[in-house]
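Undergrad: So here's data_26.cif (mmCIF, C-alpha atoms and all ligand atoms).
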```
data_data
#
loop_
_atom_site.label_atom_id
_atom_site.label_comp_id
_atom_site.auth_asym_id
_atom_site.auth_seq_id
_atom_site.Cartn_x
_atom_site.Cartn_y
_atom_site.Cartn_z
CA MET J 1 137.63 139.74 18.55
CA THR J 2 134.33 139.43 16.79
CA GLY J 3 131.21 140.77 18.44
CA PRO J 4 130.64 141.66 22.06
CA ALA J 5 132.08 139.47 24.81
CA ALA J 6 129.68 137.02 26.43
CA ALA J 7 129.38 135.85 30.02
CA THR J 8 130.82 132.41 30.79
CA ARG J 9 129.22 129.85 33.08
CA ALA J 10 131.74 130.85 35.78
CA ASP J 11 130.70 134.49 35.30
CA ARG J 12 127.07 133.58 35.97
CA GLU J 13 127.99 131.64 39.11
CA PHE J 14 130.13 134.44 40.53
CA LEU J 15 127.48 137.00 39.67
CA ALA J 16 124.85 134.90 41.47
CA GLU J 17 127.16 134.89 44.52
CA ALA J 18 127.45 138.70 44.32
CA ILE J 19 123.65 138.95 44.17
CA ALA J 20 123.37 136.73 47.25
CA LEU J 21 125.70 139.12 49.12
CA ALA J 22 123.22 141.94 48.49
CA HIS J 23 120.93 140.30 51.02
CA ARG J 24 123.49 141.04 53.77
CA CYS J 25 123.12 144.81 53.34
CA PRO J 26 121.81 146.72 56.34
CA PRO J 27 118.31 147.85 55.32
CA SER J 28 117.85 151.28 53.76
CA ARG J 29 114.88 153.15 52.39
CA THR J 30 117.09 155.59 50.47
CA ALA J 31 119.92 153.56 48.93
CA PHE J 32 120.25 150.40 46.84
CA SER J 33 121.23 147.07 48.34
CA VAL J 34 124.03 145.69 46.17
CA GLY J 35 126.54 142.85 46.42
CA ALA J 36 129.98 142.68 44.79
CA LEU J 37 132.67 140.05 44.39
CA ILE J 38 136.21 140.44 43.04
CA VAL J 39 137.72 137.32 41.47
CA ALA J 40 141.30 136.81 40.26
CA ASP J 41 142.03 135.36 36.82
CA ASP J 42 142.56 131.90 38.37
CA GLY J 43 139.11 131.93 39.99
CA VAL J 44 140.25 132.81 43.53
CA VAL J 45 137.88 135.23 45.28
CA LEU J 46 139.91 138.27 46.37
CA GLY J 47 137.17 140.33 48.00
CA ARG J 48 133.49 140.34 48.94
CA GLY J 49 131.39 143.38 49.66
CA TRP J 50 127.90 144.69 50.07
CA SER J 51 126.36 148.11 50.44
CA ARG J 52 126.80 149.81 53.84
CA ARG J 53 129.06 147.00 55.11
CA HIS J 54 131.32 149.40 57.06
CA ASP J 55 129.60 152.76 56.72
CA LEU J 56 126.19 154.07 55.67
CA THR J 57 127.55 155.68 52.48
CA GLU J 58 129.69 152.72 51.41
CA HIS J 59 128.89 151.02 48.11
CA ALA J 60 129.32 147.28 47.55
CA GLU J 61 132.23 147.70 45.13
CA GLU J 62 134.10 149.83 47.69
CA ALA J 63 133.50 147.25 50.40
CA ALA J 64 134.77 144.48 48.10
CA LEU J 65 137.90 146.50 47.25
CA ALA J 66 138.48 147.17 50.96
CA ASP J 67 138.27 143.40 51.51
CA VAL J 68 141.21 142.66 49.17
CA ALA J 69 144.38 141.80 51.11
CA ALA J 70 147.40 144.05 50.49
CA ALA J 71 149.33 141.10 49.04
CA ASP J 72 146.54 140.50 46.49
CA ARG J 73 146.19 144.07 45.24
CA ARG J 74 148.57 143.51 42.31
CA ARG J 75 146.18 140.78 41.14
CA LEU J 76 143.42 143.35 40.56
CA ARG J 77 144.96 144.16 37.17
CA ALA J 78 143.81 140.77 35.90
CA ALA J 79 140.65 140.42 38.00
CA THR J 80 136.93 140.63 37.31
CA ILE J 81 134.53 142.54 39.53
CA TYR J 82 130.99 141.16 39.73
CA SER J 83 128.30 143.50 40.95
CA SER J 84 124.57 142.96 41.23
CA LEU J 85 124.09 146.56 40.05
CA GLU J 86 125.89 148.55 37.35
CA PRO J 87 128.80 150.40 39.04
CA CYS J 88 127.89 154.01 39.74
CA GLY J 89 129.24 156.65 37.37
CA ARG J 90 127.85 159.47 39.48
CA ARG J 91 126.86 159.48 43.11
CA LEU J 92 125.50 161.78 45.74
CA SER J 93 127.04 160.27 48.88
CA ARG J 94 130.81 160.45 48.22
CA GLU J 95 133.20 162.21 45.85
CA VAL J 96 134.70 159.16 44.14
CA THR J 97 132.42 156.85 42.15
CA CYS J 98 132.78 153.09 41.95
CA THR J 99 133.59 153.47 38.25
CA GLU J 100 136.54 155.69 39.20
CA HIS J 101 137.68 153.20 41.86
CA ILE J 102 137.57 150.36 39.30
CA LEU J 103 139.56 152.41 36.80
CA ALA J 104 142.10 153.49 39.45
CA VAL J 105 142.94 149.95 40.59
CA GLY J 106 143.09 148.67 37.01
CA ILE J 107 140.38 145.99 37.12
CA PRO J 108 139.96 145.13 33.41
CA ARG J 109 136.62 143.33 33.47
CA VAL J 110 133.21 144.15 34.95
CA VAL J 111 130.17 141.85 35.01
CA PHE J 112 126.87 143.10 36.38
CA ALA J 113 123.20 142.11 36.39
CA TRP J 114 120.99 145.15 36.77
CA SER J 115 121.33 148.51 35.01
CA GLU J 116 121.09 151.35 37.51
CA PRO J 117 117.63 152.92 37.22
CA SER J 118 117.71 156.70 37.09
CA LEU J 119 116.18 157.00 40.54
CA PHE J 120 118.91 158.85 42.45
CA VAL J 121 121.34 159.87 39.67
CA GLU J 122 121.61 159.24 35.92
CA ALA J 123 123.29 155.91 35.25
CA GLN J 124 126.44 155.96 33.18
CA GLY J 125 129.00 153.64 34.81
CA ALA J 126 128.94 150.94 32.13
CA ASP J 127 129.43 153.51 29.35
CA LEU J 128 132.32 155.19 31.17
CA LEU J 129 134.04 151.86 31.80
CA ARG J 130 133.64 150.77 28.15
CA ARG J 131 134.97 154.10 26.93
CA ALA J 132 138.03 153.57 29.15
CA GLY J 133 138.65 150.24 27.40
CA ARG J 134 137.34 147.89 30.07
CA GLU J 135 135.32 144.81 29.17
CA VAL J 136 131.80 145.26 30.51
CA ILE J 137 129.22 142.46 30.37
CA GLN J 138 125.64 142.64 31.53
CA VAL J 139 123.92 139.37 32.40
CA ALA J 140 120.36 140.60 31.99
CA GLU J 141 118.71 137.33 32.96
CA LEU J 142 119.96 137.84 36.55
CA ALA J 143 118.61 141.41 36.75
CA ASP J 144 115.37 140.35 38.45
CA ALA J 145 117.29 138.59 41.23
CA ALA J 146 119.50 141.68 41.70
CA HIS J 147 116.41 143.89 41.75
CA GLU J 148 114.62 141.81 44.36
CA PRO J 149 116.24 143.30 47.53
CA ASN J 150 115.40 146.79 46.17
CA LEU J 151 111.73 146.43 45.34
CA HIS J 152 110.72 148.68 48.23
CA LEU J 153 112.68 151.58 46.65
CA LEU J 154 111.02 151.42 43.28
CA ARG J 155 107.31 151.32 43.88
ZN ZN G 1 129.05 152.98 43.64
#
```
What's the C-alpha cells form of this structure?

TA:
Amino acid sequence: MTGPAAATRADREFLAEAIALAHRCPPSRTAFSVGALIVADDGVVLGRGWSRRHDLTEHAEEAALADVAAADRRRLRAATIYSSLEPCGRRLSREVTCTEHILAVGIPRVVFAWSEPSLFVEAQGADLLRRAGREVIQVAELADAAHEPNLHLLR
C-alpha cells in the first residue's frame, strides 16, 4: 500500500444513494438527518437506514445494521458502510456509538461524506475507526449534499 486509499466510482455512487436516504428521515430540530447503506464485497446492498427510522434516538448506521438479514450478517466482515455523516464516536442519546457498532460487527471499510461538526458532541469516529485498523475514506466533494438536509440545525 502506498498512500491513503481513494474512493472508487462505485463508492461515490453508493455514497450518493446513502445521502439520498437522509431525505427520508423524520424531521428533527435537535438531531442530524443521515442516511447509511451497507454493501457487500460483490456490490449487493445488505442494508439501508436513515436517522430515526424506527425510533427517535436511532442513528442511520444502526437502522442500516438492523436492516441486514440474519443470513447476511456473516458478510459484514467484508462489507463497506456508506454514511452521509462521519459515524459518531460519542453520542448523547444511547450508550453504544455507531463506531462501536461498526467495530463489533467487523465491517472493515467506512466511506462517508461529511465530517461531524462539533455541534452536539466532539467528533472522533473516523479517528477511532482508523486507529482500530479500519479503512476510512471521506469523499469531501459530497459533503455539501450530505449537509443539505441539516442546514436548519447549523444556522
Ligand atoms: Zn451514530

Undergrad: My list of candidates is J:His59, J:Leu76, J:Ala132, J:Leu154. Which is closest to ligand ZN 1 (chain G) when distances are computed with only C-alpha atoms and all ligand atoms?

TA: J:His59

Undergrad: Would you kindly return, as an mmCIF file with C-alpha atoms, in the coordinates of the input, each protein, DNA or RNA residue with an atom no farther than 12 Å from any atom of J:Leu65, considering all atoms listed in the file and excluding same-chain residues fewer than 3 positions away?

TA:
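part.cif, freshly written:
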```
data_model
loop_
_atom_site.group_PDB
_atom_site.id
_atom_site.type_symbol
_atom_site.label_atom_id
_atom_site.label_comp_id
_atom_site.auth_asym_id
_atom_site.auth_seq_id
_atom_site.Cartn_x
_atom_site.Cartn_y
_atom_site.Cartn_z
ATOM 1 C CA GLY J 35 126.540 142.850 46.420
ATOM 2 C CA ALA J 36 129.980 142.680 44.790
ATOM 3 C CA LEU J 37 132.670 140.050 44.390
ATOM 4 C CA ILE J 38 136.210 140.440 43.040
ATOM 5 C CA VAL J 39 137.720 137.320 41.470
ATOM 6 C CA VAL J 45 137.880 135.230 45.280
ATOM 7 C CA LEU J 46 139.910 138.270 46.370
ATOM 8 C CA GLY J 47 137.170 140.330 48.000
ATOM 9 C CA ARG J 48 133.490 140.340 48.940
ATOM 10 C CA GLY J 49 131.390 143.380 49.660
ATOM 11 C CA TRP J 50 127.900 144.690 50.070
ATOM 12 C CA ARG J 53 129.060 147.000 55.110
ATOM 13 C CA GLU J 58 129.690 152.720 51.410
ATOM 14 C CA HIS J 59 128.890 151.020 48.110
ATOM 15 C CA ALA J 60 129.320 147.280 47.550
ATOM 16 C CA GLU J 61 132.230 147.700 45.130
ATOM 17 C CA GLU J 62 134.100 149.830 47.690
ATOM 18 C CA VAL J 68 141.210 142.660 49.170
ATOM 19 C CA ALA J 69 144.380 141.800 51.110
ATOM 20 C CA ALA J 70 147.400 144.050 50.490
ATOM 21 C CA ASP J 72 146.540 140.500 46.490
ATOM 22 C CA ARG J 73 146.190 144.070 45.240
ATOM 23 C CA ARG J 75 146.180 140.780 41.140
ATOM 24 C CA LEU J 76 143.420 143.350 40.560
ATOM 25 C CA ALA J 79 140.650 140.420 38.000
ATOM 26 C CA THR J 80 136.930 140.630 37.310
ATOM 27 C CA ILE J 81 134.530 142.540 39.530
ATOM 28 C CA TYR J 82 130.990 141.160 39.730
ATOM 29 C CA SER J 83 128.300 143.500 40.950
ATOM 30 C CA CYS J 98 132.780 153.090 41.950
ATOM 31 C CA HIS J 101 137.680 153.200 41.860
ATOM 32 C CA ILE J 102 137.570 150.360 39.300
ATOM 33 C CA ALA J 104 142.100 153.490 39.450
ATOM 34 C CA VAL J 105 142.940 149.950 40.590
ATOM 35 C CA GLY J 106 143.090 148.670 37.010
ATOM 36 C CA ILE J 107 140.380 145.990 37.120
#
```

Undergrad: Show which residues sit within 9 Å of J:Ala6, as a list of chain:residue names. Count only C-alpha atoms, and ignore same-chain residues fewer than 5 positions away.

TA: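 Residues near the query, excluding close chain neighbours: J:Ile137, J:Gln138, J:Val139.
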
Undergrad: Using C-alpha atoms, can you export the residues from the last selection as a PDB file, keeping the file's coordinate frame?

TA:
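As written to disk, selection.pdb reads:
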```pdb
ATOM      1  CA  ILE J 137     129.220 142.460  30.370  1.00  0.00           C
ATOM      2  CA  GLN J 138     125.640 142.640  31.530  1.00  0.00           C
ATOM      3  CA  VAL J 139     123.920 139.370  32.400  1.00  0.00           C
TER       4      VAL J 139
END
```

Undergrad: Between atom CA of J:Glu141 and atom CA of J:Arg9, what is the distance in Å, rounded to a tenth?

TA: 12.9 Å

Undergrad: Please, what distance in Å, to one decimal, runs between atom CA of J:Leu56 and atom CA of J:Val111?

TA: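 So the answer is 24.3 Å.
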
Undergrad: Interatomic distance between atom CA of J:Ala10 and atom CA of J:Pro108?

TA: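 Atom CA of J:Pro108 lies 16.6 Å from atom CA of J:Ala10.
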
Undergrad: Could you check which of J:Asn150, J:Gln124, J:Ser28, J:Thr97 is closest to ligand ZN 1 (chain G), using all atoms listed in the file?

TA: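 Checking each of J:Asn150, J:Gln124, J:Ser28, J:Thr97 against ligand ZN 1 (chain G), counting all atoms listed in the file, the winner is J:Thr97.
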
Undergrad: At a cut-off of 8 Å around the point (137.1, 146.1, 30.6) (file coordinates), what residues fall inside when counting all atoms listed in the file? I'd like the answer as a VMD selection string.

TA: chain J and resid 107 to 110 129 to 130 132 to 136

Undergrad: Mind checking which residues fall within 10 Å of J:Glu148, counting all atoms listed in the file, ignoring those fewer than 5 positions away in the same chain, and posting them as a PDB file with C-alpha atoms, keeping the file's coordinate frame?

TA:
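Output contents, as saved in around-v8.pdb:
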```pdb
ATOM      1  CA  ILE J  19     123.650 138.950  44.170  1.00  0.00           C
ATOM      2  CA  ALA J  22     123.220 141.940  48.490  1.00  0.00           C
ATOM      3  CA  HIS J  23     120.930 140.300  51.020  1.00  0.00           C
ATOM      4  CA  SER J  33     121.230 147.070  48.340  1.00  0.00           C
ATOM      5  CA  ALA J 143     118.610 141.410  36.750  1.00  0.00           C
TER       6      ALA J 143
END
```

Undergrad: Write out as lines of an AutoDock Vina configuration file an axis-aligned box for stretch 41-59 of chain J: all of its atoms listed in the file, 6 Å added on each side, centre and edge lengths in Å with one decimal.

TA:
```
center_x = 134.4
center_y = 143.8
center_z = 46.9
size_x = 28.4
size_y = 35.8
size_z = 32.2
```

Undergrad: May I ask you to restore N, CA and C atoms in stretch 79-97 of chain J and write the result as a JSON list (two decimals), keeping the file's coordinate frame?

TA:
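Result went into result-v3.json, see below:
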```
[["chain", "number", "residue", "atom", "x", "y", "z"],
["J", 79, "ALA", "N", 141.83, 140.94, 37.30],
["J", 79, "ALA", "CA", 140.65, 140.42, 38.00],
["J", 79, "ALA", "C", 139.36, 140.84, 37.29],
["J", 80, "THR", "N", 138.27, 140.22, 37.74],
["J", 80, "THR", "CA", 136.93, 140.63, 37.31],
["J", 80, "THR", "C", 136.16, 141.07, 38.55],
["J", 81, "ILE", "N", 135.43, 142.16, 38.45],
["J", 81, "ILE", "CA", 134.53, 142.54, 39.53],
["J", 81, "ILE", "C", 133.10, 142.23, 39.09],
["J", 82, "TYR", "N", 132.39, 141.51, 39.96],
["J", 82, "TYR", "CA", 130.99, 141.16, 39.73],
["J", 82, "TYR", "C", 130.16, 142.03, 40.66],
["J", 83, "SER", "N", 129.16, 142.67, 40.11],
["J", 83, "SER", "CA", 128.30, 143.50, 40.95],
["J", 83, "SER", "C", 126.85, 143.25, 40.56],
["J", 84, "SER", "N", 125.98, 143.18, 41.55],
["J", 84, "SER", "CA", 124.57, 142.96, 41.23],
["J", 84, "SER", "C", 124.00, 144.14, 40.46],
["J", 85, "LEU", "N", 124.56, 145.33, 40.70],
["J", 85, "LEU", "CA", 124.09, 146.56, 40.05],
["J", 85, "LEU", "C", 125.24, 147.18, 39.24],
["J", 86, "GLU", "N", 124.90, 147.80, 38.14],
["J", 86, "GLU", "CA", 125.89, 148.55, 37.35],
["J", 86, "GLU", "C", 126.68, 149.48, 38.27],
["J", 87, "PRO", "N", 128.03, 149.49, 38.19],
["J", 87, "PRO", "CA", 128.80, 150.40, 39.04],
["J", 87, "PRO", "C", 128.39, 151.86, 38.80],
["J", 88, "CYS", "N", 128.35, 152.62, 39.87],
["J", 88, "CYS", "CA", 127.89, 154.01, 39.74],
["J", 88, "CYS", "C", 128.91, 154.83, 38.96],
["J", 89, "GLY", "N", 128.40, 155.70, 38.11],
["J", 89, "GLY", "CA", 129.24, 156.65, 37.37],
["J", 89, "GLY", "C", 129.08, 158.06, 37.91],
["J", 90, "ARG", "N", 128.06, 158.24, 38.72],
["J", 90, "ARG", "CA", 127.85, 159.47, 39.48],
["J", 90, "ARG", "C", 127.26, 159.05, 40.80],
["J", 91, "ARG", "N", 127.49, 159.81, 41.84],
["J", 91, "ARG", "CA", 126.86, 159.48, 43.11],
["J", 91, "ARG", "C", 126.69, 160.74, 43.94],
["J", 92, "LEU", "N", 125.78, 160.64, 44.88],
["J", 92, "LEU", "CA", 125.50, 161.78, 45.74],
["J", 92, "LEU", "C", 126.26, 161.70, 47.05],
["J", 93, "SER", "N", 126.58, 160.47, 47.50],
["J", 93, "SER", "CA", 127.04, 160.27, 48.88],
["J", 93, "SER", "C", 128.53, 160.51, 49.09],
["J", 94, "ARG", "N", 129.36, 160.29, 48.07],
["J", 94, "ARG", "CA", 130.81, 160.45, 48.22],
["J", 94, "ARG", "C", 131.36, 161.04, 46.94],
["J", 95, "GLU", "N", 132.60, 161.54, 47.01],
["J", 95, "GLU", "CA", 133.20, 162.21, 45.85],
["J", 95, "GLU", "C", 133.61, 161.24, 44.75],
["J", 96, "VAL", "N", 134.14, 160.08, 45.14],
["J", 96, "VAL", "CA", 134.70, 159.16, 44.14],
["J", 96, "VAL", "C", 133.67, 158.07, 43.83],
["J", 97, "THR", "N", 133.40, 157.87, 42.55],
["J", 97, "THR", "CA", 132.42, 156.85, 42.15],
["J", 97, "THR", "C", 133.08, 155.47, 42.09]]
```
